[in-house]
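Notes to accompany the following structure.
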Amino acid sequence: MKNLNKILLIVLVVFLGNSCSDLEEDTSSLLTIGKIETESDIQANIAPIYRRLLELHAAPHRARIGTYGGDDITTWAAGNKAPLRVFDRFDYGSGENSDINWLDEPWNAYWQTIYYCNTLIDGLKSSNASQNLLELADAEARVFRALAYLNLVKVYGNMPSILDGVLPTGNERRATVLENYQLIESDLLIAEAILPTPGTEDTGRASAGFAKTVLADLYLTWAGWPVKDASKYQLAATKSKEVIDFNYYELLPIEDLWTTEGAVSGETIFSLRYSDDQSISGNQATAFTFHQGRGFSDCFPELQFFNDFPEGPRKDATFITDIPNRFAPGGVITSRDPATIPWPDSDRGHPMYKKYVLSEDLTISNRPESFRAIDLYRYAEVLLIYAESQAQIGENATSIEALNQVKRRAAGLPYLSPDGSVDVATATANEIVDEKGWELAAEYKRWFDLVRTERVAEMANKRDPSEAVDLVRIPTDAQYIVPIPISPINLSELLQNPEGFRIQ
């Protein structure tokens, strides 16, 4: 497990500024991970956790490479998008294509995050800092370790369990999916009890609302494929309702949601925050813009998904149908004549995702830049988790109200005011999953929802035949998890999917 050892064993140096809530790197202070004696040392060990996740999500196409089988996204049928097309067309399932570019990006990022978390948790055991500070730092590390493991399991399947105090040997075996879930749950139960209530956490930091939301996501995943423990629907409903009952979060007006301010608002459960005075910006605007708009055409909606998307203010806020037409003479982004082209006539023949380019900045470079924070979880998702999980065990007035709040906001209406024009009296779990797909389109959610509900083939069969990326096959559960990158397979005792995939 040479690659894994590099990530988990190498001594790393991090840079930290002076502010406890400022998580950007600063070369004015050098601290070696593992030295945890003071509050500053603790913050120095927390900083790289946030930084690594910022770096991963700065390149959205790489972060989400294994999720291109979702019907909400597709990619350019040419250029350098071959690694993305592998998953868009379901060209995997028996370990093939494990050597493609970018597949190891989320693998490395999540394992490195786990390393940072393990180091902090272990170092805190011998620290002389105050008990309150130790417990808070431990909880913060645990919520991100849980998040990293949950994403690894969702994408690559069951993972080896490497926790604090455990030095990897290179001979690790993959635990089962169930064992992974149990470890993730253990971390989150500790974190939710210690982290500050929403609104009292330092700006941009983890809260109890974040921990409970990840826990609700875990339980919803646990209830579906592959473990299929239906008892977890009740726990998903309970945890999501606890987030609602904080009475802190809210839904923004749909026209405000995708502004720069929208990701640092009362709708935000947790977001990764970029800043124009830091050394890293998000590439969302570039990734989601077509080449004719000076982007890279990495990600845009499938035609059937766009056509099925309900008309109204949410659709208008989600998609761009008049595609920017720009060039960059002398490195300055400038509009051509005409300034926009209708999407059927654009260079990609698709609409674009407006939600990721609304906050673009065209003045920084010859490509669209964005410093908008990236939502990992927002309140609309919590409402829909509650509605779906409750629908599985017996919907009630509160869970239907949660669904209707999302539907009202989607229609541009005040979300807390009942409205007979959009409200429903009942909804099936699949109808709520569809609502979630529209609400969270291209937000790194849809693929996982289709997998856990075993609806991937259903959506693939609906794929518009005019899509330029042709399917290799109609997917089965063999495509529900992606191959582990080739390097850790070649240099370790890990077994490749599907041979190494074990559920419980």
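Naming scheme: A, B, ... for chains in displayed order of the structure tokens; residues 1 onward per chain; ligands 1 onward as shown.
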
- Message: List as a count of residues only the protein and nucleic acid residues near Gln479 in chain A, meaning an atom at most 10 Å away when only C-alpha atoms are counted, but skip any in the same chain fewer than 6 places from it.
- Response: 13

- Message: Which residues are close to Ser127 in chain A, i.e. within 12 Å by only C-alpha atoms, leaving aside same-chain residues fewer than 3 positions away? Reply as a PyMOL selection string.
- Response: chain A and resi 34-39+41-42+120-124+130-131+133-135+137-138

Close residues, range 349-355 of chain A itself excluded, 6 Å, only C-alpha atoms, min 5 positions apart in chain, as an mmCIF file with N, CA and C atoms, in the first residue's frame:
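File produced: out.cif:
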```
data_model
loop_
_atom_site.group_PDB
_atom_site.id
_atom_site.type_symbol
_atom_site.label_atom_id
_atom_site.label_comp_id
_atom_site.auth_asym_id
_atom_site.auth_seq_id
_atom_site.Cartn_x
_atom_site.Cartn_y
_atom_site.Cartn_z
ATOM 1 N N TRP A 258 -28.067 31.286 -5.611
ATOM 2 C CA TRP A 258 -26.797 31.000 -6.277
ATOM 3 C C TRP A 258 -25.901 32.224 -6.427
ATOM 4 N N PHE A 300 -22.179 19.445 -17.827
ATOM 5 C CA PHE A 300 -23.410 20.135 -18.173
ATOM 6 C C PHE A 300 -24.551 19.115 -18.116
ATOM 7 N N THR A 318 -31.467 27.512 -12.274
ATOM 8 C CA THR A 318 -30.542 26.379 -12.360
ATOM 9 C C THR A 318 -29.776 26.355 -13.665
ATOM 10 N N PHE A 319 -30.421 26.757 -14.774
ATOM 11 C CA PHE A 319 -29.822 26.589 -16.089
ATOM 12 C C PHE A 319 -29.683 27.912 -16.843
ATOM 13 N N ILE A 320 -28.680 27.944 -17.711
ATOM 14 C CA ILE A 320 -28.527 29.011 -18.709
ATOM 15 C C ILE A 320 -28.895 28.415 -20.065
ATOM 16 N N THR A 321 -29.803 29.052 -20.747
ATOM 17 C CA THR A 321 -30.204 28.578 -22.071
ATOM 18 C C THR A 321 -29.678 29.452 -23.207
ATOM 19 N N TRP A 343 -28.985 27.646 -26.739
ATOM 20 C CA TRP A 343 -28.267 26.414 -26.408
ATOM 21 C C TRP A 343 -28.292 25.354 -27.503
ATOM 22 N N PRO A 344 -29.367 25.177 -28.283
ATOM 23 C CA PRO A 344 -29.291 24.139 -29.323
ATOM 24 C C PRO A 344 -28.220 24.420 -30.375
#
```

- Those in range 69-145 of chain A with alpha helix (DSSP H) from DSSP, as an MDAnalysis selection string: chainID A and resid 82:88 104:124 131:145

- Message: With only C-alpha atoms as the counted atoms, please give the residues lying no more than 8 Å from Glu369 in chain A, apart from itself and same-chain residues fewer than 2 positions off, as number ranges by chain.
- Response: A: 281-286, 360-362, 364-365, 367, 371
